[in-house]
Amino acid sequence: MLAGAVLALAPYAAHAAVEDDLRDGDKYFEDGDWARAAIAFDRAIAKAPSQVPAEAYGKRAAIFIIQRDYVGGLAFVDKAKLRYPAAPEVLEQEALLLFETDQKAKAVAIAERVVAVRPRTFTNQQLIGEYYATRDPQKTAKAYEAYLAARPAELEAGDTLPRIRLGFAYLANARVILGEGGGEEVEARAATAYTRAVEQFDVVQKKFGKKPNAQTNADNGLCAAYAGLGRFDQAVTVCERVIGDPTHIDPSGSVWFNLGTAYLARKQTQKARGAATEFTRMRKSEARGYILLGDTFYADRQWTAALEQYLRGEKLLRPTQPRDQIQLSIRLGKTYLRLPVAAGTRNPNIDLAIDKLQTAAGANPRSLELAIELGNAYVEAHLDAKAIALADRLLLDTAAPRQVTPVDQRVELLAIAGKGQYNTRKLKDARARFEAAQKLRPADITIQRDLVLVINEQALEATDGKAAQALLDQALAVDGSSPVTLTNVAILAIGRGDCEVAQKQLTRLESINGHDAVLRARLAARAALCVGKPDLARASEAYATAEALAKKANATMTLAEIYVEWAPLLYDTDLAGAVEKLEYAVQAGGQETRIVTPAKRNLALALYRRGWRALKDGKSADAVADLERAFRDGVLKGTEPLAFEFSLALAQLDAGRAAEAGKAFRALAQKGSLATYLRPPYAKVGPQLLAAYASYRTGSLAARQQAAADFTRLATDLPGAKIEELIAGCWESIAFEQWRNGQVGAAQRSLAAAATHVTNQPELDKRLRMDRLALALDKRQLAALESLQGSPPEVLVNLGIVLEQLGRPREAYDAWLRAKARGVQSRDLQKWIDAKKRIYGY
């Protein structure tokens with residue numbers, strides 16, 4: 001390639017003896033008569049070598065190159081250097097001769113000495129450029145720039161390869177520049193290099209496009225340059241032209257990488273992924289292909305697939321690629337932050353993300369892009385102090401003179417500091433940060449939302465309603481349609497009983513996107529309850545709406561909260577539904593005491609109501625079960641435990657668990673405070689009375705005798721028919737037990753004792769008279785039994801027995817039928833009736 005490249009030497013002065021030979025040599029050299037020129041120069045050198053200037057020696061050496069006599073040329077140069085050891089005219093030709101004899105490193109070293117003295121020595125500049133084209137893009141670019149500036153115009157036709165190599169050197173230099181780190185200055189320098197590359201490839205296309213491989217090389221170069229400049233539409237056009245013919249794809253496969261980059265920038269992720277895959281197929285050991293693949297998955301929010309490719313790229317990165325390592329650390333950090341995690345749990349990858357980002361930050365502590373990612377990771381990991389320190393340090397640095405910070409990055413740093421201060425409840429400082437960010441970027445919705453959120457938190461911490469309302473008004477001034485603020489205005493209005501204002505705010509919320517529809521429905525229910533005349537039906541309807549929305553969103557905790565609020569409204573209309581909802585709330589609330597504690601309390605109250613309902617319906621076992629559950633969780637307040645225990649004892653008594661009931665009643669009597677949960681006169685003697693009744697119900701003779709004594713003692717505090725009936729009933733049961741044991745006299749005395757406590761109760765008096773007659777039933781008592789006139793109904797059974805004894809079976813049968821008709825239940829009675837039917841055919 002270098003053969004024929006000669007040095008146009010200046011005229012020189014010489015001794016008259018050789019002047020003619022030198023003049024002839026110059027003439028023949030200019031005419032291209034290399035043989036005669038060589039003879040003339042050799043003759044002059046032979047006559048007077050000391051009088052021949054270095055320029056002549058250079059021309060003679062050039063003829064050796066033109067005639068391809070490289071060995072002879074080197075021998076000549078060695079002799080010439082004895083006289084002119086440092087002459088650039090001679091060294092220029094020596095470098096060319098060495099390069100042609102494949103002594104390239106030695107040739108380049110000499111050429112660099114030449115151009116240092118004579119930069120316009122274009123032959124040596126071209127030699128240097130060719131040598132460094134695959135070794136050092138900076139030296140390549142410098143050499144070819146000098147070559148193109150110095151080479152004669154008539155040699156322009158040979159510019160194809162130098163311009164192609166210069167273009168690719170610019171591309172390589174751009175990548176080297178970007179490897180220095182981030183920042184506007186670095187980006188600008190890289191853009192300059194890419195632009196210069198475009199200029200060279202454009203020249204190649206326009207002037208040399210028809211030469212072999214010129215268009216192909218230019219297209220490959222323009223593909224990379226356009227991608228580097230962010231001119232992605234042009235990049236796609238040129239890159240697709242290259243891949244249209246597989247023979248035009250360079251061995252490095254870089255066209256696939258650049259095309260993939262351009263596709264990705266145009267959000268054509270599938271095409272980008274295909275191009276990146278082709279690149280990795282050709283360049284299996286190059287990290288950037290896998291990183292680009294990861295970028296395509298990241299763009300499609302396929303975080304796991306993105307991470308897999310990034311990690312493959314990380315293994316292939318070399319220590320000499322610090323910028324690429326930083327960028328990949330950022331990618332890995334961002335990806336770790338976005339990997340799927342279970343709802344409500346800490347991101348298990350957050351520590352990995354922070355580790356990657358901190359590693360990158362250590363290599364580039366002033367990278368704002370990196371600091372922003374790391375700061376946001378700190379915030380997510382609740383390392384708020386670190387987030388604040390990082391953001392404040394960089395904000396302080398960027399505030400220094402001559403330090404220019406892009407507005408967007410300054411806003412991000414302010415936002416990170418604001419979030420950290422918000423999380424640490426430094427609301428005043430957080431607000432100042434967000435307000436500063438908003439001044440820089442007034443239209444930023446995210447900053448506006450965060451500022452409004454901080455002001456709302458200030459309102460929630462306000463010590464009085466007026467201060468809270470003033471802060472909410474400030475928040476509305478920032479964003480008049482903020483769902484959070486309007487919701488809090490409604491909550492504040494409900495709290496002070498201004499339900500109409502609350503309802504207006506809730507109505508406004510309906511038309512605003514982004515509001516919490518579940519919370520709005522719950523607040524609508526509360527607003528319906530806080531008016532002068534609470535609308536229970538409307539409130540319940542609102543809670544039903546909230547329930548449906550929460551179920552649709554699978555919001556378990558929210559649904560539990562709704563049930564805690566809603567269930568008490570259903571106590572009177574749907575008690576079973578209230579219990580079911582509260583049971584769900586208790587189970588779903590888990591360890592959330594703010595939910596579980598009120599849920600358990602409301603459930604206890606609902607079970608208490610249901611227990612009493614079951615007791616009234618005669619379902620004493622169900623009543624005991626509900627009241628035991630109601631009493632179990634220890635969530636009752638004040639005297640509620642006493643009332644619940646009293647109710648449980650009643651249910652136990654009704655369920656035949658008299659011993660347990662009696663024990664409970666006696667314990668309640670000892671605790672006192674009866675008036676707090678019982679009405680007069682039971683407020684004074686209720687538990688003692690029921691304890692006595694429980695003793696009566698236990699069935700043993702001794703217990704009933706004690707019960708009779710207890711009832712008698714309580715009669716002074718609880719006068720009236722009821723206590724008389726209890727005393728009489730107790731003595732009746734004692735008498736029956738004594739009669740059954742053959743103690744007739746004792747039974748008579750017990751019935752006499754019962755009679756002494758009966759005043760002005762004819763029916764009860766009749767029952768006791770009947771009992772006394774029954775102890776010694778015989779024919780003589782007919783008149784006495786008839787005088788009772790069938791009251792109580794059981795007397796008819798005894799009357800029938802006496803009539804049977806008197807031989808009056810038909811009358812006995814009629815008496816028993818009347819007893820049965822009046823509700824007397826007895827197996828003996830039915831047996832006697834059936835016997836009369838069989839015998840007498842009645």
# chains A, B, ... in the order shown; residues from 1 in each chain; ligands from 1
$ residues_around --residues "Glu199 in chain A" --least-positions-apart "6" --cutoff "12 Å" --atoms "only C-alpha atoms" --output "PDB file with C-alpha atoms, in the first residue's frame"
ATOM      1  CA  ARG A 163     -11.384   7.568   6.240  1.00  0.00           C
ATOM      2  CA  ILE A 164     -13.009   4.243   7.103  1.00  0.00           C
ATOM      3  CA  LEU A 166     -10.584   7.091  11.015  1.00  0.00           C
ATOM      4  CA  GLY A 167     -14.369   6.700  11.364  1.00  0.00           C
ATOM      5  CA  PHE A 168     -14.036   3.472  13.308  1.00  0.00           C
ATOM      6  CA  TYR A 170     -13.774   7.830  16.348  1.00  0.00           C
ATOM      7  CA  LEU A 171     -16.358   5.189  17.316  1.00  0.00           C
ATOM      8  CA  THR A 192     -18.442  14.884  19.268  1.00  0.00           C
ATOM      9  CA  ALA A 193     -16.559  11.684  18.500  1.00  0.00           C
ATOM     10  CA  GLN A 205     -20.460   6.952   0.907  1.00  0.00           C
ATOM     11  CA  LYS A 206     -20.622  10.051  -1.246  1.00  0.00           C
ATOM     12  CA  ALA A 218     -19.610   2.942   5.820  1.00  0.00           C
ATOM     13  CA  GLY A 221     -19.897   2.540  10.855  1.00  0.00           C
ATOM     14  CA  LEU A 222     -22.970   4.732  10.441  1.00  0.00           C
ATOM     15  CA  ALA A 225     -22.514   6.161  15.087  1.00  0.00           C
ATOM     16  CA  TYR A 226     -26.225   6.885  14.732  1.00  0.00           C
TER      17      TYR A 226
END
$ select_by_dssp --residues "range 485-667 of chain A" --states "alpha helix (DSSP H)" --output "number ranges by chain"
A: 485-495, 499-510, 517-529, 536-552, 556-566, 575-589, 593-616, 620-632, 640-654, 658-667
$ closest_residue --among "A:Val203, A:Thr101, A:Ala819, A:Glu804" --to "Lys836 in chain A" --atoms "only C-alpha atoms"
A:Glu804
$ closest_residue --among "A:Thr247, A:Gln652, A:Gln93, A:Asn376" --to "Asp622 in chain A" --atoms "only C-alpha atoms"
A:Gln652
$ residues_around --residues "Leu648 in chain A" --least-positions-apart "6" --cutoff "10 Å" --atoms "only C-alpha atoms" --output "PyMOL selection string"
chain A and resi 608+611-612+615+620+623-631+642+654+660-661+664-665
$ atom_distance --atom1 "CA of Ala35 in chain A" --atom2 "CA of Lys47 in chain A"
18.5 Å
$ closest_residue --among "A:Ala61, A:Ala46, A:Ala475, A:Ala542" --to "Leu569 in chain A" --atoms "only C-alpha atoms"
A:Ala542
$ residues_around --residues "range 296-308 of chain A" --least-positions-apart "6" --cutoff "9 Å" --atoms "only C-alpha atoms" --output "PyMOL selection string"
chain A and resi 260+264+267-270+272-273+276+331-332+335-336+338-340
$ write_last_selection --atoms "C-alpha atoms" --output "mmCIF file, in the first residue's frame"
data_model
loop_
_atom_site.group_PDB
_atom_site.id
_atom_site.type_symbol
_atom_site.label_atom_id
_atom_site.label_comp_id
_atom_site.auth_asym_id
_atom_site.auth_seq_id
_atom_site.Cartn_x
_atom_site.Cartn_y
_atom_site.Cartn_z
ATOM 1 C CA GLY A 260 -30.763 -4.024 19.109
ATOM 2 C CA LEU A 264 -34.960 -1.004 22.291
ATOM 3 C CA LYS A 267 -39.634 0.246 22.383
ATOM 4 C CA GLN A 268 -39.556 -2.607 19.866
ATOM 5 C CA THR A 269 -38.462 -5.057 22.527
ATOM 6 C CA GLN A 270 -39.085 -8.271 20.606
ATOM 7 C CA ALA A 272 -34.339 -5.784 20.116
ATOM 8 C CA ARG A 273 -34.196 -9.167 21.835
ATOM 9 C CA ALA A 276 -29.223 -9.003 20.922
ATOM 10 C CA ARG A 331 -29.169 -2.247 36.354
ATOM 11 C CA LEU A 332 -28.745 -5.086 38.847
ATOM 12 C CA THR A 335 -33.764 -5.204 38.967
ATOM 13 C CA TYR A 336 -33.297 -6.630 42.454
ATOM 14 C CA ARG A 338 -38.306 -4.965 41.277
ATOM 15 C CA LEU A 339 -38.217 -8.741 41.663
ATOM 16 C CA PRO A 340 -41.623 -10.028 42.792
#
$ residues_around --residues "Arg601 in chain A" --least-positions-apart "2" --cutoff "12 Å" --atoms "only C-alpha atoms" --output "count of residues only"
33
$ residues_around --residues "Leu370 in chain A" --least-positions-apart "5" --cutoff "12 Å" --atoms "only C-alpha atoms" --output "PyMOL selection string"
chain A and resi 181-183+323+325-334+353-354+356-365+375-377+390-391+394+409+412-413
$ atom_distance --atom1 "CA of Leu486 in chain A" --atom2 "CA of Thr545 in chain A"
19.8 Å
$ residues_around --residues "Glu457 in chain A" --least-positions-apart "5" --cutoff "10 Å" --atoms "only C-alpha atoms" --output "mmCIF file with N, CA and C atoms, in the first residue's frame"
data_model
loop_
_atom_site.group_PDB
_atom_site.id
_atom_site.type_symbol
_atom_site.label_atom_id
_atom_site.label_comp_id
_atom_site.auth_asym_id
_atom_site.auth_seq_id
_atom_site.Cartn_x
_atom_site.Cartn_y
_atom_site.Cartn_z
ATOM 1 N N TYR A 422 -39.524 12.226 55.806
ATOM 2 C CA TYR A 422 -40.931 11.873 56.045
ATOM 3 C C TYR A 422 -41.019 10.578 56.843
ATOM 4 N N ARG A 425 -40.350 10.946 60.380
ATOM 5 C CA ARG A 425 -41.321 11.859 60.989
ATOM 6 C C ARG A 425 -40.786 13.273 61.170
ATOM 7 N N LEU A 427 -41.362 15.991 59.599
ATOM 8 C CA LEU A 427 -42.289 16.449 58.575
ATOM 9 C C LEU A 427 -41.979 17.862 58.089
ATOM 10 N N LEU A 451 -45.632 16.027 48.319
ATOM 11 C CA LEU A 451 -45.773 17.238 49.131
ATOM 12 C C LEU A 451 -47.134 17.259 49.824
ATOM 13 N N VAL A 452 -48.159 16.938 49.081
ATOM 14 C CA VAL A 452 -49.506 16.904 49.653
ATOM 15 C C VAL A 452 -49.587 15.867 50.770
ATOM 16 N N ALA A 462 -51.569 17.522 64.021
ATOM 17 C CA ALA A 462 -51.970 18.795 64.617
ATOM 18 C C ALA A 462 -52.684 18.550 65.944
ATOM 19 N N ALA A 468 -55.429 21.537 62.114
ATOM 20 C CA ALA A 468 -55.502 20.469 61.116
ATOM 21 C C ALA A 468 -56.215 20.953 59.862
ATOM 22 N N LEU A 471 -53.992 23.249 57.774
ATOM 23 C CA LEU A 471 -52.994 22.498 57.005
ATOM 24 C C LEU A 471 -53.636 21.803 55.805
ATOM 25 N N LEU A 472 -54.819 21.262 55.986
ATOM 26 C CA LEU A 472 -55.498 20.623 54.861
ATOM 27 C C LEU A 472 -55.856 21.646 53.795
ATOM 28 N N THR A 485 -56.246 14.411 50.459
ATOM 29 C CA THR A 485 -56.671 15.591 51.216
ATOM 30 C C THR A 485 -58.183 15.638 51.361
ATOM 31 N N ASN A 488 -59.237 13.241 53.978
ATOM 32 C CA ASN A 488 -58.959 13.703 55.341
ATOM 33 C C ASN A 488 -59.861 14.859 55.756
#
$ atom_distance --atom1 "CA of Asp351 in chain A" --atom2 "CA of Tyr378 in chain A"
9.4 Å
$ closest_residue --among "A:Asn798, A:Arg433, A:Gly253, A:Lys210" --to "Leu782 in chain A" --atoms "only C-alpha atoms"
A:Asn798
$ decode --residues "range 71-104 of chain A" --atoms "N, CA, C and O atoms" --output "PDB file, in the first residue's frame"
ATOM      1  N   VAL A  71      15.230  -4.448   0.427  1.00  0.00           N
ATOM      2  CA  VAL A  71      16.493  -4.827   1.049  1.00  0.00           C
ATOM      3  C   VAL A  71      17.592  -3.847   0.657  1.00  0.00           C
ATOM      4  O   VAL A  71      18.358  -3.348   1.502  1.00  0.00           O
ATOM      5  N   GLY A  72      17.644  -3.545  -0.640  1.00  0.00           N
ATOM      6  CA  GLY A  72      18.621  -2.567  -1.102  1.00  0.00           C
ATOM      7  C   GLY A  72      18.373  -1.206  -0.489  1.00  0.00           C
ATOM      8  O   GLY A  72      19.314  -0.484  -0.145  1.00  0.00           O
ATOM      9  N   GLY A  73      17.114  -0.865  -0.372  1.00  0.00           N
ATOM     10  CA  GLY A  73      16.776   0.432   0.209  1.00  0.00           C
ATOM     11  C   GLY A  73      17.241   0.544   1.642  1.00  0.00           C
ATOM     12  O   GLY A  73      17.766   1.583   2.064  1.00  0.00           O
ATOM     13  N   LEU A  74      17.032  -0.528   2.448  1.00  0.00           N
ATOM     14  CA  LEU A  74      17.469  -0.490   3.828  1.00  0.00           C
ATOM     15  C   LEU A  74      18.990  -0.392   3.917  1.00  0.00           C
ATOM     16  O   LEU A  74      19.531   0.299   4.804  1.00  0.00           O
ATOM     17  N   ALA A  75      19.700  -1.089   3.021  1.00  0.00           N
ATOM     18  CA  ALA A  75      21.164  -0.996   3.015  1.00  0.00           C
ATOM     19  C   ALA A  75      21.609   0.420   2.693  1.00  0.00           C
ATOM     20  O   ALA A  75      22.541   0.969   3.309  1.00  0.00           O
ATOM     21  N   PHE A  76      20.944   1.060   1.720  1.00  0.00           N
ATOM     22  CA  PHE A  76      21.261   2.446   1.353  1.00  0.00           C
ATOM     23  C   PHE A  76      20.998   3.380   2.537  1.00  0.00           C
ATOM     24  O   PHE A  76      21.804   4.259   2.833  1.00  0.00           O
ATOM     25  N   VAL A  77      19.858   3.175   3.213  1.00  0.00           N
ATOM     26  CA  VAL A  77      19.522   4.053   4.341  1.00  0.00           C
ATOM     27  C   VAL A  77      20.550   3.918   5.461  1.00  0.00           C
ATOM     28  O   VAL A  77      20.916   4.907   6.110  1.00  0.00           O
ATOM     29  N   ASP A  78      21.009   2.689   5.670  1.00  0.00           N
ATOM     30  CA  ASP A  78      22.025   2.515   6.711  1.00  0.00           C
ATOM     31  C   ASP A  78      23.259   3.359   6.431  1.00  0.00           C
ATOM     32  O   ASP A  78      23.851   3.960   7.335  1.00  0.00           O
ATOM     33  N   LYS A  79      23.679   3.419   5.118  1.00  0.00           N
ATOM     34  CA  LYS A  79      24.845   4.232   4.748  1.00  0.00           C
ATOM     35  C   LYS A  79      24.518   5.722   4.879  1.00  0.00           C
ATOM     36  O   LYS A  79      25.336   6.510   5.359  1.00  0.00           O
ATOM     37  N   ALA A  80      23.275   6.059   4.492  1.00  0.00           N
ATOM     38  CA  ALA A  80      22.889   7.471   4.550  1.00  0.00           C
ATOM     39  C   ALA A  80      22.855   7.969   5.992  1.00  0.00           C
ATOM     40  O   ALA A  80      23.194   9.121   6.278  1.00  0.00           O
ATOM     41  N   LYS A  81      22.465   7.091   6.902  1.00  0.00           N
ATOM     42  CA  LYS A  81      22.344   7.503   8.301  1.00  0.00           C
ATOM     43  C   LYS A  81      23.718   7.738   8.937  1.00  0.00           C
ATOM     44  O   LYS A  81      23.804   8.392   9.993  1.00  0.00           O
ATOM     45  N   LEU A  82      24.795   7.207   8.261  1.00  0.00           N
ATOM     46  CA  LEU A  82      26.124   7.495   8.776  1.00  0.00           C
ATOM     47  C   LEU A  82      26.444   8.972   8.640  1.00  0.00           C
ATOM     48  O   LEU A  82      27.155   9.555   9.461  1.00  0.00           O
ATOM     49  N   ARG A  83      25.882   9.582   7.605  1.00  0.00           N
ATOM     50  CA  ARG A  83      26.100  11.013   7.379  1.00  0.00           C
ATOM     51  C   ARG A  83      24.968  11.840   7.970  1.00  0.00           C
ATOM     52  O   ARG A  83      25.189  12.928   8.507  1.00  0.00           O
ATOM     53  N   TYR A  84      23.700  11.313   7.896  1.00  0.00           N
ATOM     54  CA  TYR A  84      22.528  12.054   8.406  1.00  0.00           C
ATOM     55  C   TYR A  84      21.715  11.142   9.354  1.00  0.00           C
ATOM     56  O   TYR A  84      20.658  10.623   9.006  1.00  0.00           O
ATOM     57  N   PRO A  85      22.215  10.910  10.569  1.00  0.00           N
ATOM     58  CA  PRO A  85      21.558   9.949  11.465  1.00  0.00           C
ATOM     59  C   PRO A  85      20.188  10.377  11.952  1.00  0.00           C
ATOM     60  O   PRO A  85      19.375   9.522  12.322  1.00  0.00           O
ATOM     61  N   ALA A  86      19.863  11.661  11.983  1.00  0.00           N
ATOM     62  CA  ALA A  86      18.573  12.116  12.524  1.00  0.00           C
ATOM     63  C   ALA A  86      17.769  12.908  11.504  1.00  0.00           C
ATOM     64  O   ALA A  86      16.763  13.544  11.856  1.00  0.00           O
ATOM     65  N   ALA A  87      18.176  12.873  10.269  1.00  0.00           N
ATOM     66  CA  ALA A  87      17.480  13.663   9.246  1.00  0.00           C
ATOM     67  C   ALA A  87      16.092  13.066   8.992  1.00  0.00           C
ATOM     68  O   ALA A  87      15.974  11.883   8.651  1.00  0.00           O
ATOM     69  N   PRO A  88      14.990  13.819   9.175  1.00  0.00           N
ATOM     70  CA  PRO A  88      13.643  13.279   8.950  1.00  0.00           C
ATOM     71  C   PRO A  88      13.439  12.817   7.514  1.00  0.00           C
ATOM     72  O   PRO A  88      12.659  11.915   7.261  1.00  0.00           O
ATOM     73  N   GLU A  89      14.189  13.440   6.530  1.00  0.00           N
ATOM     74  CA  GLU A  89      14.038  13.034   5.139  1.00  0.00           C
ATOM     75  C   GLU A  89      14.470  11.585   4.947  1.00  0.00           C
ATOM     76  O   GLU A  89      13.872  10.846   4.150  1.00  0.00           O
ATOM     77  N   VAL A  90      15.514  11.203   5.673  1.00  0.00           N
ATOM     78  CA  VAL A  90      16.016   9.836   5.563  1.00  0.00           C
ATOM     79  C   VAL A  90      15.182   8.889   6.445  1.00  0.00           C
ATOM     80  O   VAL A  90      14.801   7.797   6.027  1.00  0.00           O
ATOM     81  N   LEU A  91      14.897   9.329   7.653  1.00  0.00           N
ATOM     82  CA  LEU A  91      14.134   8.479   8.570  1.00  0.00           C
ATOM     83  C   LEU A  91      12.738   8.180   8.041  1.00  0.00           C
ATOM     84  O   LEU A  91      12.182   7.105   8.286  1.00  0.00           O
ATOM     85  N   GLU A  92      12.121   9.143   7.338  1.00  0.00           N
ATOM     86  CA  GLU A  92      10.786   8.912   6.748  1.00  0.00           C
ATOM     87  C   GLU A  92      10.803   7.698   5.845  1.00  0.00           C
ATOM     88  O   GLU A  92       9.937   6.821   5.929  1.00  0.00           O
ATOM     89  N   GLN A  93      11.864   7.626   4.970  1.00  0.00           N
ATOM     90  CA  GLN A  93      11.940   6.522   4.026  1.00  0.00           C
ATOM     91  C   GLN A  93      12.320   5.220   4.720  1.00  0.00           C
ATOM     92  O   GLN A  93      11.831   4.153   4.359  1.00  0.00           O
ATOM     93  N   GLU A  94      13.145   5.327   5.789  1.00  0.00           N
ATOM     94  CA  GLU A  94      13.501   4.120   6.534  1.00  0.00           C
ATOM     95  C   GLU A  94      12.246   3.502   7.171  1.00  0.00           C
ATOM     96  O   GLU A  94      12.055   2.285   7.154  1.00  0.00           O
ATOM     97  N   ALA A  95      11.388   4.350   7.710  1.00  0.00           N
ATOM     98  CA  ALA A  95      10.167   3.844   8.331  1.00  0.00           C
ATOM     99  C   ALA A  95       9.304   3.123   7.302  1.00  0.00           C
ATOM    100  O   ALA A  95       8.756   2.045   7.574  1.00  0.00           O
ATOM    101  N   LEU A  96       9.225   3.718   6.090  1.00  0.00           N
ATOM    102  CA  LEU A  96       8.415   3.088   5.042  1.00  0.00           C
ATOM    103  C   LEU A  96       9.014   1.754   4.623  1.00  0.00           C
ATOM    104  O   LEU A  96       8.290   0.767   4.402  1.00  0.00           O
ATOM    105  N   LEU A  97      10.355   1.703   4.508  1.00  0.00           N
ATOM    106  CA  LEU A  97      11.018   0.466   4.104  1.00  0.00           C
ATOM    107  C   LEU A  97      10.828  -0.626   5.164  1.00  0.00           C
ATOM    108  O   LEU A  97      10.538  -1.787   4.843  1.00  0.00           O
ATOM    109  N   LEU A  98      10.977  -0.264   6.435  1.00  0.00           N
ATOM    110  CA  LEU A  98      10.806  -1.243   7.513  1.00  0.00           C
ATOM    111  C   LEU A  98       9.370  -1.765   7.555  1.00  0.00           C
ATOM    112  O   LEU A  98       9.128  -2.956   7.805  1.00  0.00           O
ATOM    113  N   PHE A  99       8.419  -0.888   7.331  1.00  0.00           N
ATOM    114  CA  PHE A  99       7.013  -1.291   7.368  1.00  0.00           C
ATOM    115  C   PHE A  99       6.716  -2.302   6.270  1.00  0.00           C
ATOM    116  O   PHE A  99       6.006  -3.289   6.487  1.00  0.00           O
ATOM    117  N   GLU A 100       7.325  -2.059   5.067  1.00  0.00           N
ATOM    118  CA  GLU A 100       7.106  -2.967   3.942  1.00  0.00           C
ATOM    119  C   GLU A 100       7.805  -4.301   4.140  1.00  0.00           C
ATOM    120  O   GLU A 100       7.407  -5.304   3.550  1.00  0.00           O
ATOM    121  N   THR A 101       8.843  -4.321   4.998  1.00  0.00           N
ATOM    122  CA  THR A 101       9.536  -5.591   5.278  1.00  0.00           C
ATOM    123  C   THR A 101       9.023  -6.223   6.562  1.00  0.00           C
ATOM    124  O   THR A 101       9.695  -7.063   7.165  1.00  0.00           O
ATOM    125  N   ASP A 102       7.846  -5.823   6.976  1.00  0.00           N
ATOM    126  CA  ASP A 102       7.133  -6.406   8.126  1.00  0.00           C
ATOM    127  C   ASP A 102       7.853  -6.172   9.464  1.00  0.00           C
ATOM    128  O   ASP A 102       7.683  -6.924  10.398  1.00  0.00           O
ATOM    129  N   GLN A 103       8.650  -5.116   9.492  1.00  0.00           N
ATOM    130  CA  GLN A 103       9.254  -4.695  10.763  1.00  0.00           C
ATOM    131  C   GLN A 103       8.455  -3.483  11.264  1.00  0.00           C
ATOM    132  O   GLN A 103       8.988  -2.389  11.426  1.00  0.00           O
ATOM    133  N   LYS A 104       7.154  -3.741  11.523  1.00  0.00           N
ATOM    134  CA  LYS A 104       6.226  -2.648  11.702  1.00  0.00           C
ATOM    135  C   LYS A 104       6.429  -1.875  13.004  1.00  0.00           C
ATOM    136  O   LYS A 104       6.323  -0.650  13.037  1.00  0.00           O
TER     137      LYS A 104
END
